[in-house]
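Pasting my_file.cif here (mmCIF, C-alpha atoms):
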data_work
#
loop_
_atom_site.group_PDB
_atom_site.id
_atom_site.type_symbol
_atom_site.label_atom_id
_atom_site.label_comp_id
_atom_site.auth_asym_id
_atom_site.auth_seq_id
_atom_site.Cartn_x
_atom_site.Cartn_y
_atom_site.Cartn_z
ATOM 1 C CA MET T 1212 -7.671 -23.566 8.740
ATOM 2 C CA LYS T 1213 -3.979 -24.003 7.932
ATOM 3 C CA LEU T 1214 -1.696 -22.164 5.509
ATOM 4 C CA ARG T 1215 1.028 -23.334 3.186
ATOM 5 C CA PRO T 1216 3.375 -21.053 1.259
ATOM 6 C CA ILE T 1217 2.985 -20.836 -2.509
ATOM 7 C CA ALA T 1218 6.044 -22.478 -4.050
ATOM 8 C CA ILE T 1219 7.362 -22.012 -7.577
ATOM 9 C CA ASP T 1220 6.427 -25.590 -8.495
ATOM 10 C CA GLN T 1221 2.784 -24.721 -7.701
ATOM 11 C CA LEU T 1222 2.664 -21.936 -10.259
ATOM 12 C CA ASP T 1223 0.071 -23.553 -12.533
ATOM 13 C CA TYR T 1224 -2.118 -24.627 -9.629
ATOM 14 C CA ALA T 1225 -2.006 -21.181 -7.984
ATOM 15 C CA ALA T 1226 -2.825 -19.519 -11.330
ATOM 16 C CA GLY T 1227 -5.855 -21.788 -11.700
ATOM 17 C CA LEU T 1228 -7.054 -20.970 -8.200
ATOM 18 C CA LEU T 1229 -6.681 -17.241 -8.872
ATOM 19 C CA ASN T 1230 -8.541 -17.608 -12.165
ATOM 20 C CA GLU T 1231 -11.347 -19.300 -10.231
ATOM 21 C CA GLY T 1232 -11.623 -16.283 -7.945
ATOM 22 C CA PHE T 1233 -10.902 -13.566 -10.507
ATOM 23 C CA HIS T 1234 -12.169 -14.691 -13.927
ATOM 24 C CA LYS T 1235 -11.364 -11.494 -15.831
ATOM 25 C CA ARG T 1236 -7.807 -12.751 -16.141
ATOM 26 C CA SER T 1237 -7.127 -16.101 -17.720
ATOM 27 C CA ALA T 1238 -5.109 -18.761 -15.931
ATOM 28 C CA ALA T 1239 -2.314 -18.091 -18.459
ATOM 29 C CA THR T 1240 -2.306 -14.380 -17.598
ATOM 30 C CA TRP T 1241 -2.236 -15.171 -13.876
ATOM 31 C CA ARG T 1242 0.636 -17.569 -14.467
ATOM 32 C CA ALA T 1243 2.644 -14.860 -16.249
ATOM 33 C CA ASN T 1244 1.910 -12.393 -13.431
ATOM 34 C CA LEU T 1245 2.955 -14.919 -10.785
ATOM 35 C CA LEU T 1246 6.165 -15.727 -12.632
ATOM 36 C CA ASP T 1247 7.115 -12.025 -12.658
ATOM 37 C CA ILE T 1248 6.387 -11.825 -8.914
ATOM 38 C CA PHE T 1249 8.399 -14.981 -8.193
ATOM 39 C CA ASN T 1250 11.350 -13.642 -10.185
ATOM 40 C CA HIS T 1251 11.247 -10.444 -8.132
ATOM 41 C CA ALA T 1252 10.901 -12.335 -4.830
ATOM 42 C CA GLU T 1253 13.897 -14.495 -5.693
ATOM 43 C CA LYS T 1254 16.032 -11.394 -6.330
ATOM 44 C CA VAL T 1255 15.211 -9.932 -2.925
ATOM 45 C CA GLY T 1256 15.614 -13.238 -1.105
ATOM 46 C CA TYR T 1257 12.016 -14.211 -0.286
ATOM 47 C CA PRO T 1258 11.026 -17.869 -0.685
ATOM 48 C CA THR T 1259 7.315 -17.334 -1.240
ATOM 49 C CA ILE T 1260 4.836 -14.824 -2.681
ATOM 50 C CA GLY T 1261 1.736 -15.787 -0.728
ATOM 51 C CA TYR T 1262 -0.293 -18.520 0.922
ATOM 52 C CA ILE T 1263 -2.916 -21.118 0.118
ATOM 53 C CA ALA T 1264 -5.473 -21.791 2.867
ATOM 54 C CA PHE T 1265 -6.669 -25.352 3.394
ATOM 55 C CA ASN T 1266 -8.566 -27.514 5.850
ATOM 56 C CA LYS T 1267 -9.699 -31.139 6.047
ATOM 57 C CA ASP T 1268 -11.872 -30.595 2.957
ATOM 58 C CA GLY T 1269 -8.957 -29.410 0.814
ATOM 59 C CA ASP T 1270 -7.782 -26.024 -0.455
ATOM 60 C CA ILE T 1271 -10.219 -23.207 0.265
ATOM 61 C CA GLY T 1272 -8.466 -19.964 -0.659
ATOM 62 C CA ILE T 1273 -5.399 -18.005 -1.658
ATOM 63 C CA CYS T 1274 -3.752 -14.629 -0.963
ATOM 64 C CA LEU T 1275 -0.630 -13.128 -2.484
ATOM 65 C CA THR T 1276 1.856 -11.361 -0.222
ATOM 66 C CA ILE T 1277 4.148 -9.621 -2.702
ATOM 67 C CA PRO T 1278 7.403 -8.873 -0.835
ATOM 68 C CA SER T 1279 9.583 -5.803 -1.178
ATOM 69 C CA VAL T 1280 11.680 -3.342 0.781
ATOM 70 C CA ARG T 1281 10.452 0.247 0.533
ATOM 71 C CA SER T 1282 13.572 2.390 0.558
ATOM 72 C CA VAL T 1283 13.541 5.299 -1.881
ATOM 73 C CA TYR T 1284 11.946 7.875 0.429
ATOM 74 C CA GLU T 1285 12.219 6.175 3.828
ATOM 75 C CA GLN T 1286 14.753 7.208 6.466
ATOM 76 C CA THR T 1287 15.382 3.505 7.062
ATOM 77 C CA PRO T 1288 14.244 0.719 4.695
ATOM 78 C CA VAL T 1289 10.807 -0.741 5.459
ATOM 79 C CA GLU T 1290 10.048 -4.393 4.781
ATOM 80 C CA THR T 1291 6.637 -4.595 3.120
ATOM 81 C CA ALA T 1292 4.175 -7.196 1.904
ATOM 82 C CA ASN T 1293 1.467 -6.198 -0.551
ATOM 83 C CA LEU T 1294 -1.687 -8.239 0.087
ATOM 84 C CA ALA T 1295 -3.292 -8.978 -3.265
ATOM 85 C CA ALA T 1296 -5.809 -11.292 -4.929
ATOM 86 C CA PHE T 1297 -7.449 -12.368 -1.655
ATOM 87 C CA TYR T 1298 -9.882 -15.188 -2.443
ATOM 88 C CA LEU T 1299 -11.841 -17.679 -0.359
ATOM 89 C CA ARG T 1300 -14.304 -20.161 -1.831
ATOM 90 C CA GLN T 1301 -17.915 -19.274 -1.177
ATOM 91 C CA ASP T 1302 -18.582 -21.702 1.678
ATOM 92 C CA TYR T 1303 -15.553 -20.373 3.577
ATOM 93 C CA GLN T 1304 -15.789 -16.604 3.125
ATOM 94 C CA TRP T 1305 -16.799 -16.233 6.766
ATOM 95 C CA MET T 1306 -13.215 -17.223 7.616
ATOM 96 C CA ALA T 1307 -11.705 -14.179 5.857
ATOM 97 C CA ALA T 1308 -10.644 -12.429 9.074
ATOM 98 C CA VAL T 1309 -8.994 -15.603 10.402
ATOM 99 C CA PHE T 1310 -7.127 -16.108 7.120
ATOM 100 C CA LEU T 1311 -5.915 -12.513 7.043
ATOM 101 C CA ARG T 1312 -4.919 -12.452 10.713
ATOM 102 C CA ARG T 1313 -2.655 -15.451 10.183
ATOM 103 C CA ILE T 1314 -1.013 -13.828 7.171
ATOM 104 C CA ILE T 1315 -0.159 -10.511 8.868
ATOM 105 C CA SER T 1316 1.803 -12.112 11.676
ATOM 106 C CA ALA T 1317 5.151 -10.239 11.490
ATOM 107 C CA ALA T 1318 5.157 -7.050 13.582
ATOM 108 C CA ASP T 1319 8.084 -5.462 11.685
ATOM 109 C CA VAL T 1320 6.471 -5.810 8.236
ATOM 110 C CA ASP T 1321 4.218 -3.136 6.732
ATOM 111 C CA TYR T 1322 1.300 -5.020 5.193
ATOM 112 C CA VAL T 1323 -0.247 -2.928 2.435
ATOM 113 C CA ASP T 1324 -3.560 -3.363 0.605
ATOM 114 C CA VAL T 1325 -4.103 -1.132 -2.424
ATOM 115 C CA THR T 1326 -7.210 -2.735 -3.978
ATOM 116 C CA ALA T 1327 -9.341 -4.084 -1.128
ATOM 117 C CA THR T 1328 -13.076 -4.417 -1.643
ATOM 118 C CA ALA T 1329 -15.435 -2.595 0.734
ATOM 119 C CA ALA T 1330 -15.917 -5.821 2.728
ATOM 120 C CA MET T 1331 -12.171 -6.389 3.007
ATOM 121 C CA ARG T 1332 -11.580 -2.786 4.065
ATOM 122 C CA LYS T 1333 -13.826 -3.369 7.080
ATOM 123 C CA ILE T 1334 -11.857 -6.492 8.003
ATOM 124 C CA ASN T 1335 -8.547 -4.694 7.486
ATOM 125 C CA THR T 1336 -9.633 -1.849 9.766
ATOM 126 C CA HIS T 1337 -10.743 -4.310 12.440
ATOM 127 C CA LEU T 1338 -7.300 -5.934 12.280
ATOM 128 C CA GLY T 1339 -5.430 -2.657 12.754
ATOM 129 C CA PHE T 1340 -4.872 -1.286 9.250
ATOM 130 C CA SER T 1341 -4.940 2.501 8.845
ATOM 131 C CA THR T 1342 -5.989 4.412 5.743
ATOM 132 C CA SER T 1343 -3.042 5.882 3.841
ATOM 133 C CA ALA T 1344 -5.107 7.389 0.995
ATOM 134 C CA ILE T 1345 -8.849 8.017 0.739
ATOM 135 C CA GLY T 1346 -9.290 7.205 -2.930
ATOM 136 C CA THR T 1347 -8.005 7.637 -6.475
ATOM 137 C CA LEU T 1348 -7.860 11.062 -8.104
ATOM 138 C CA VAL T 1349 -8.539 10.897 -11.845
ATOM 139 C CA MET T 1350 -7.043 13.896 -13.684
ATOM 140 C CA PRO T 1351 -8.015 14.577 -17.327
ATOM 141 C CA LEU T 1352 -4.921 15.595 -19.236
ATOM 142 C CA ILE T 1353 -6.677 17.584 -21.971
ATOM 143 C CA ILE T 1354 -7.665 20.187 -19.367
ATOM 144 C CA ALA T 1355 -4.377 20.121 -17.475
ATOM 145 C CA ALA T 1356 -2.372 20.569 -20.688
ATOM 146 C CA LEU T 1357 -3.506 24.223 -20.713
ATOM 147 C CA ARG T 1358 -1.919 24.878 -17.320
ATOM 148 C CA PRO T 1359 1.400 26.756 -17.224
ATOM 149 C CA ALA T 1360 4.359 24.970 -15.688
ATOM 150 C CA HIS T 1361 7.197 27.476 -15.794
ATOM 151 C CA GLY T 1362 10.642 26.029 -15.268
ATOM 152 C CA VAL T 1363 9.424 22.414 -15.298
ATOM 153 C CA ALA T 1364 11.050 19.933 -17.680
ATOM 154 C CA ILE T 1365 9.995 16.308 -18.258
ATOM 155 C CA GLN T 1366 12.085 13.643 -19.931
ATOM 156 C CA ALA T 1367 12.321 9.878 -19.951
ATOM 157 C CA TYR T 1368 14.770 8.379 -17.474
ATOM 158 C CA ASP T 1369 17.876 7.042 -19.178
ATOM 159 C CA PRO T 1370 19.575 4.320 -17.097
ATOM 160 C CA VAL T 1371 22.856 5.066 -18.882
ATOM 161 C CA VAL T 1372 22.926 8.713 -17.774
ATOM 162 C CA SER T 1373 24.426 9.259 -14.343
ATOM 163 C CA GLU T 1374 21.895 10.652 -11.853
ATOM 164 C CA ASP T 1375 22.392 11.401 -8.195
ATOM 165 C CA PHE T 1376 20.754 8.140 -7.081
ATOM 166 C CA SER T 1377 21.928 5.277 -4.945
ATOM 167 C CA GLU T 1378 22.518 2.044 -6.834
ATOM 168 C CA GLU T 1379 19.501 0.607 -5.038
ATOM 169 C CA THR T 1380 17.218 3.361 -6.336
ATOM 170 C CA ALA T 1381 18.675 3.078 -9.837
ATOM 171 C CA GLN T 1382 17.953 -0.665 -9.775
ATOM 172 C CA ILE T 1383 14.338 -0.004 -8.757
ATOM 173 C CA LEU T 1384 13.938 2.364 -11.699
ATOM 174 C CA ARG T 1385 15.508 -0.143 -14.113
ATOM 175 C CA ASP T 1386 13.324 -2.949 -12.807
ATOM 176 C CA HIS T 1387 10.153 -0.942 -13.354
ATOM 177 C CA ILE T 1388 11.125 -0.085 -16.906
ATOM 178 C CA GLY T 1389 11.454 -3.838 -17.425
ATOM 179 C CA LEU T 1390 7.985 -4.330 -15.908
ATOM 180 C CA GLY T 1391 6.355 -2.031 -18.453
ATOM 181 C CA CYS T 1392 6.324 1.218 -16.469
ATOM 182 C CA MET T 1393 7.254 4.688 -17.648
ATOM 183 C CA VAL T 1394 10.069 6.184 -15.608
ATOM 184 C CA LEU T 1395 10.331 9.945 -15.978
ATOM 185 C CA MET T 1396 12.640 12.606 -14.641
ATOM 186 C CA VAL T 1397 10.823 15.743 -13.508
ATOM 187 C CA GLU T 1398 13.117 18.768 -13.247
ATOM 188 C CA MET T 1399 11.786 21.553 -11.026
ATOM 189 C CA ASN T 1400 13.532 24.386 -9.166
ATOM 190 C CA GLY T 1401 16.893 23.044 -10.263
ATOM 191 C CA GLU T 1402 16.274 19.548 -8.859
ATOM 192 C CA ARG T 1403 15.542 16.327 -10.735
ATOM 193 C CA HIS T 1404 13.117 13.760 -9.320
ATOM 194 C CA PRO T 1405 12.185 10.294 -10.586
ATOM 195 C CA VAL T 1406 8.499 9.531 -11.199
ATOM 196 C CA ILE T 1407 7.249 6.052 -12.064
ATOM 197 C CA LEU T 1408 3.947 5.684 -13.931
ATOM 198 C CA LYS T 1409 2.137 2.465 -14.827
ATOM 199 C CA PRO T 1410 0.183 2.537 -18.119
ATOM 200 C CA LYS T 1411 -3.382 1.196 -17.922
ATOM 201 C CA LYS T 1412 -6.767 1.628 -19.569
ATOM 202 C CA ARG T 1413 -9.678 3.745 -18.336
ATOM 203 C CA GLY T 1414 -12.467 2.477 -20.516
ATOM 204 C CA SER T 1415 -11.060 2.561 -24.040
ATOM 205 C CA LEU T 1416 -8.645 5.418 -23.300
ATOM 206 C CA ARG T 1417 -5.073 5.209 -22.073
ATOM 207 C CA SER T 1418 -4.303 6.301 -18.541
ATOM 208 C CA ALA T 1419 -1.266 6.222 -16.261
ATOM 209 C CA ARG T 1420 -1.162 5.511 -12.519
ATOM 210 C CA VAL T 1421 1.441 7.166 -10.263
ATOM 211 C CA ILE T 1422 3.565 4.425 -8.691
ATOM 212 C CA LEU T 1423 6.438 6.466 -7.249
ATOM 213 C CA VAL T 1424 6.816 10.163 -6.506
ATOM 214 C CA LYS T 1425 8.643 12.031 -3.750
ATOM 215 C CA ASP T 1426 5.648 14.216 -2.929
ATOM 216 C CA ARG T 1427 2.202 14.620 -4.479
ATOM 217 C CA SER T 1428 2.890 18.350 -4.769
ATOM 218 C CA LEU T 1429 5.478 17.493 -7.426
ATOM 219 C CA ILE T 1430 2.639 16.185 -9.623
ATOM 220 C CA TYR T 1431 0.377 19.162 -8.913
ATOM 221 C CA ASP T 1432 3.082 21.801 -9.475
ATOM 222 C CA GLY T 1433 4.306 20.235 -12.703
ATOM 223 C CA PHE T 1434 0.905 19.064 -13.903
ATOM 224 C CA GLY T 1435 0.786 21.223 -17.038
ATOM 225 C CA ALA T 1436 4.147 20.026 -18.347
ATOM 226 C CA LEU T 1437 3.419 16.442 -17.332
ATOM 227 C CA ALA T 1438 0.021 16.521 -19.057
ATOM 228 C CA ARG T 1439 1.527 17.784 -22.300
ATOM 229 C CA TYR T 1440 4.258 15.147 -22.175
ATOM 230 C CA LEU T 1441 1.755 12.333 -21.655
ATOM 231 C CA MET T 1442 -0.797 13.564 -24.210
ATOM 232 C CA LEU T 1443 1.875 13.602 -26.912
ATOM 233 C CA ARG T 1444 2.310 9.897 -26.157
ATOM 234 C CA GLY T 1445 -1.372 9.026 -26.396
ATOM 235 C CA TYR T 1446 -2.516 9.291 -22.775
ATOM 236 C CA PHE T 1447 -5.760 10.951 -21.658
ATOM 237 C CA PHE T 1448 -5.741 10.583 -17.858
ATOM 238 C CA LEU T 1449 -3.355 10.548 -14.916
ATOM 239 C CA GLU T 1450 -4.393 8.708 -11.727
ATOM 240 C CA MET T 1451 -2.972 9.036 -8.234
ATOM 241 C CA ASP T 1452 -4.055 8.015 -4.751
ATOM 242 C CA VAL T 1453 -4.590 11.063 -2.546
ATOM 243 C CA LEU T 1454 -5.093 12.044 1.081
ATOM 244 C CA ARG T 1455 -7.695 14.679 0.119
ATOM 245 C CA LYS T 1456 -9.199 16.065 -3.075
ATOM 246 C CA PRO T 1457 -7.095 18.992 -4.348
ATOM 247 C CA ASP T 1458 -8.504 22.159 -5.857
ATOM 248 C CA LEU T 1459 -7.926 21.121 -9.463
ATOM 249 C CA TRP T 1460 -10.752 21.863 -11.881
ATOM 250 C CA GLY T 1461 -12.056 18.881 -13.838
ATOM 251 C CA CYS T 1462 -10.574 16.207 -11.579
ATOM 252 C CA SER T 1463 -12.736 13.596 -9.873
ATOM 253 C CA LEU T 1464 -12.130 11.612 -6.705
ATOM 254 C CA ARG T 1465 -13.126 7.965 -7.021
ATOM 255 C CA LYS T 1466 -13.685 6.753 -3.478
ATOM 256 C CA ARG T 1467 -14.984 3.441 -4.805
ATOM 257 C CA SER T 1468 -11.474 2.863 -6.057
ATOM 258 C CA ALA T 1469 -10.022 1.171 -3.016
ATOM 259 C CA PRO T 1470 -8.307 3.455 -0.496
ATOM 260 C CA VAL T 1471 -4.747 2.439 0.334
ATOM 261 C CA GLN T 1472 -4.558 0.712 3.713
ATOM 262 C CA SER T 1473 -1.492 -0.384 5.647
ATOM 263 C CA THR T 1474 -0.460 -1.622 9.065
ATOM 264 C CA GLN T 1475 2.144 1.103 9.579
ATOM 265 C CA ILE T 1476 1.222 4.794 9.548
ATOM 266 C CA LYS T 1477 2.933 6.808 6.799
ATOM 267 C CA LEU T 1478 4.864 9.829 8.046
ATOM 268 C CA HIS T 1479 5.468 11.565 4.704
ATOM 269 C CA ASN T 1480 3.619 12.540 1.529
ATOM 270 C CA ALA T 1481 5.504 10.253 -0.840
ATOM 271 C CA ILE T 1482 3.812 7.596 -2.954
ATOM 272 C CA ASP T 1483 5.736 4.346 -3.218
ATOM 273 C CA HIS T 1484 3.835 1.442 -4.756
ATOM 274 C CA THR T 1485 6.930 -0.099 -6.315
ATOM 275 C CA TYR T 1486 6.788 -3.893 -6.665
ATOM 276 C CA THR T 1487 3.072 -4.045 -5.807
ATOM 277 C CA GLU T 1488 0.122 -5.529 -7.655
ATOM 278 C CA LEU T 1489 -0.334 -2.137 -9.353
ATOM 279 C CA VAL T 1490 2.832 -2.993 -11.260
ATOM 280 C CA PHE T 1491 2.637 -6.784 -11.511
ATOM 281 C CA ILE T 1492 -1.087 -7.369 -12.006
ATOM 282 C CA LEU T 1493 -3.158 -4.299 -12.946
#

Spit out the file's structure as structure tokens when you get a sec.
Amino acid sequence: MKLRPIAIDQLDYAAGLLNEGFHKRSAATWRANLLDIFNHAEKVGYPTIGYIAFNKDGDIGICLTIPSVRSVYEQTPVETANLAAFYLRQDYQWMAAVFLRRIISAADVDYVDVTATAAMRKINTHLGFSTSAIGTLVMPLIIAALRPAHGVAIQAYDPVVSEDFSEETAQILRDHIGLGCMVLMVEMNGERHPVILKPKKRGSLRSARVILVKDRSLIYDGFGALARYLMLRGYFFLEMDVLRKPDLWGCSLRKRSAPVQSTQIKLHNAIDHTYTELVFIL
């Protein structure tokens, strides 16, 4: 097996290969997703967004490696690559570990998988990934809206208003607004914190997934105010990956929703899935 980087001139071909492996999205949808990822990669100076595996018989698989630098809540910026849309044709699925091992070759990069299947989680663990979150907590907003949240204020982030952010953080927030996310400011105990949410569907109802937050406790402590804010805008659920199930009545922990795995151990309670497939694809 050999690998070749996915180049921008292979956009249509890569979209077709992804559509072959993941039919729920059309080739046109995959192409639009890949174009967004390429545009991001170009801004941060990365020449590719993944790899196509091939051998003497031709192309046999594909995996995206969405590049970014995680910086908002890190003491020093961390170069990351989000592994996404891992696909090998049926006759070659036994080579999955070999394919993945060749992709995760840089020791200073944090390789992150946020949607691995059960089979891929076993391979990831064998290759040295650790679990950063055990599953997805699904929180019904209609129940949470009854919770008090004294002194908590929620408002949409306004890029024009000066906040106490670095230019790099402000750019991340602007980018995610452009990618269809909600960026909120949560004011609590006299401090204002950015929270990024990605709208999605849970069945036929609207839900939002937490993409960026300084600490999960910020969501729990301000849950009542946040629930009321979201319900007024047509949302019914809030979703967040968690380290353990909290004592919140009515919430359910979906362990079948892929745990977050990564090659570097997280040393804080922040969530930072900026510029991952949760933004670009889901």

Carefully work through the PyMOL selection byres ((chain T and resi 1309) around 12) for this structure and note down the residues it includes, as a short mmCIF file (atom, residue, chain, number, x, y, z; two decimals) with C-alpha atoms, in the coordinates of the input.
data_model
loop_
_atom_site.label_atom_id
_atom_site.label_comp_id
_atom_site.auth_asym_id
_atom_site.auth_seq_id
_atom_site.Cartn_x
_atom_site.Cartn_y
_atom_site.Cartn_z
CA MET T 1212 -7.67 -23.57 8.74
CA LYS T 1213 -3.98 -24.00 7.93
CA LEU T 1214 -1.70 -22.16 5.51
CA ALA T 1264 -5.47 -21.79 2.87
CA GLY T 1272 -8.47 -19.96 -0.66
CA LEU T 1299 -11.84 -17.68 -0.36
CA TYR T 1303 -15.55 -20.37 3.58
CA GLN T 1304 -15.79 -16.60 3.12
CA TRP T 1305 -16.80 -16.23 6.77
CA MET T 1306 -13.22 -17.22 7.62
CA ALA T 1307 -11.70 -14.18 5.86
CA ALA T 1308 -10.64 -12.43 9.07
CA PHE T 1310 -7.13 -16.11 7.12
CA LEU T 1311 -5.92 -12.51 7.04
CA ARG T 1312 -4.92 -12.45 10.71
CA ARG T 1313 -2.66 -15.45 10.18
CA ILE T 1314 -1.01 -13.83 7.17
CA ILE T 1315 -0.16 -10.51 8.87
CA SER T 1316 1.80 -12.11 11.68
CA ILE T 1334 -11.86 -6.49 8.00
CA ASN T 1335 -8.55 -4.69 7.49
CA HIS T 1337 -10.74 -4.31 12.44
CA LEU T 1338 -7.30 -5.93 12.28
#

- request: Evaluate the PyMOL selection byres ((chain T and resi 1441-1448) around 9) and record the selected residues as a ChimeraX atom specification, following the chain and residue labels used in the document.
  value: /T:1349-1353,1356,1410,1413,1416-1420,1436-1440,1449-1450

message: From the options T:Tyr1431, T:Tyr1486, T:Phe1249, T:Trp1241, which residue's atoms come nearest to Asp1220 in chain T, counting all atoms listed in the file?
response: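 Selected residue with least distance to Asp1220 in chain T: T:Phe1249.
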
Range 1248-1357 of chain T residues near range 1474-1485 of chain T within 12 Å, closest pair each, using all atoms listed in the file, as a Markdown table:
| residue | atom | partner | partner_atom | distance |
| --- | --- | --- | --- | --- |
| T:His1251 | CA | T:Thr1485 | CA | 11.4 |
| T:Ile1277 | CA | T:Thr1485 | CA | 10.6 |
| T:Pro1278 | CA | T:Thr1485 | CA | 10.4 |
| T:Ser1279 | CA | T:Thr1485 | CA | 8.1 |
| T:Val1280 | CA | T:Thr1485 | CA | 9.1 |
| T:Arg1281 | CA | T:Asp1483 | CA | 7.3 |
| T:Ser1282 | CA | T:Asp1483 | CA | 8.9 |
| T:Val1283 | CA | T:Asp1483 | CA | 8.0 |
| T:Tyr1284 | CA | T:Ala1481 | CA | 7.0 |
| T:Glu1285 | CA | T:His1479 | CA | 8.7 |
| T:Gln1286 | CA | T:Leu1478 | CA | 10.4 |
| T:Val1289 | CA | T:Gln1475 | CA | 9.8 |
| T:Glu1290 | CA | T:Gln1475 | CA | 10.8 |
| T:Thr1291 | CA | T:Gln1475 | CA | 9.7 |
| T:Ala1292 | CA | T:Thr1474 | CA | 10.2 |
| T:Asn1293 | CA | T:His1484 | CA | 9.0 |
| T:Leu1294 | CA | T:Thr1474 | CA | 11.2 |
| T:Arg1312 | CA | T:Thr1474 | CA | 11.8 |
| T:Ile1315 | CA | T:Thr1474 | CA | 8.9 |
| T:Ser1316 | CA | T:Thr1474 | CA | 11.0 |
| T:Ala1317 | CA | T:Thr1474 | CA | 10.6 |
| T:Ala1318 | CA | T:Thr1474 | CA | 9.0 |
| T:Asp1319 | CA | T:Gln1475 | CA | 9.1 |
| T:Val1320 | CA | T:Thr1474 | CA | 8.1 |
| T:Asp1321 | CA | T:Thr1474 | CA | 5.4 |
| T:Tyr1322 | CA | T:Thr1474 | CA | 5.4 |
| T:Val1323 | CA | T:Thr1474 | CA | 6.8 |
| T:Asp1324 | CA | T:Thr1474 | CA | 9.2 |
| T:Val1325 | CA | T:His1484 | CA | 8.7 |
| T:Thr1326 | CA | T:His1484 | CA | 11.8 |
| T:Asn1335 | CA | T:Thr1474 | CA | 8.8 |
| T:Thr1336 | CA | T:Thr1474 | CA | 9.2 |
| T:His1337 | CA | T:Thr1474 | CA | 11.2 |
| T:Leu1338 | CA | T:Thr1474 | CA | 8.7 |
| T:Gly1339 | CA | T:Thr1474 | CA | 6.3 |
| T:Phe1340 | CA | T:Thr1474 | CA | 4.4 |
| T:Ser1341 | CA | T:Thr1474 | CA | 6.1 |
| T:Thr1342 | CA | T:Ile1476 | CA | 8.2 |
| T:Ser1343 | CA | T:Lys1477 | CA | 6.7 |
| T:Ala1344 | CA | T:Ile1482 | CA | 9.8 |

How would the residues just picked look written out with C-alpha atoms as a short mmCIF file (atom, residue, chain, number, x, y, z; two decimals), keeping the file's coordinate frame?
data_model
loop_
_atom_site.label_atom_id
_atom_site.label_comp_id
_atom_site.auth_asym_id
_atom_site.auth_seq_id
_atom_site.Cartn_x
_atom_site.Cartn_y
_atom_site.Cartn_z
CA HIS T 1251 11.25 -10.44 -8.13
CA ILE T 1277 4.15 -9.62 -2.70
CA PRO T 1278 7.40 -8.87 -0.84
CA SER T 1279 9.58 -5.80 -1.18
CA VAL T 1280 11.68 -3.34 0.78
CA ARG T 1281 10.45 0.25 0.53
CA SER T 1282 13.57 2.39 0.56
CA VAL T 1283 13.54 5.30 -1.88
CA TYR T 1284 11.95 7.88 0.43
CA GLU T 1285 12.22 6.18 3.83
CA GLN T 1286 14.75 7.21 6.47
CA VAL T 1289 10.81 -0.74 5.46
CA GLU T 1290 10.05 -4.39 4.78
CA THR T 1291 6.64 -4.60 3.12
CA ALA T 1292 4.18 -7.20 1.90
CA ASN T 1293 1.47 -6.20 -0.55
CA LEU T 1294 -1.69 -8.24 0.09
CA ARG T 1312 -4.92 -12.45 10.71
CA ILE T 1315 -0.16 -10.51 8.87
CA SER T 1316 1.80 -12.11 11.68
CA ALA T 1317 5.15 -10.24 11.49
CA ALA T 1318 5.16 -7.05 13.58
CA ASP T 1319 8.08 -5.46 11.68
CA VAL T 1320 6.47 -5.81 8.24
CA ASP T 1321 4.22 -3.14 6.73
CA TYR T 1322 1.30 -5.02 5.19
CA VAL T 1323 -0.25 -2.93 2.44
CA ASP T 1324 -3.56 -3.36 0.60
CA VAL T 1325 -4.10 -1.13 -2.42
CA THR T 1326 -7.21 -2.74 -3.98
CA ASN T 1335 -8.55 -4.69 7.49
CA THR T 1336 -9.63 -1.85 9.77
CA HIS T 1337 -10.74 -4.31 12.44
CA LEU T 1338 -7.30 -5.93 12.28
CA GLY T 1339 -5.43 -2.66 12.75
CA PHE T 1340 -4.87 -1.29 9.25
CA SER T 1341 -4.94 2.50 8.85
CA THR T 1342 -5.99 4.41 5.74
CA SER T 1343 -3.04 5.88 3.84
CA ALA T 1344 -5.11 7.39 1.00
#

Selected residue, from T:Val1255, T:Leu1429, T:Ala1330, T:Leu1390, that lies nearest to Pro1405 in chain T when counting all atoms listed in the file: T:Leu1429
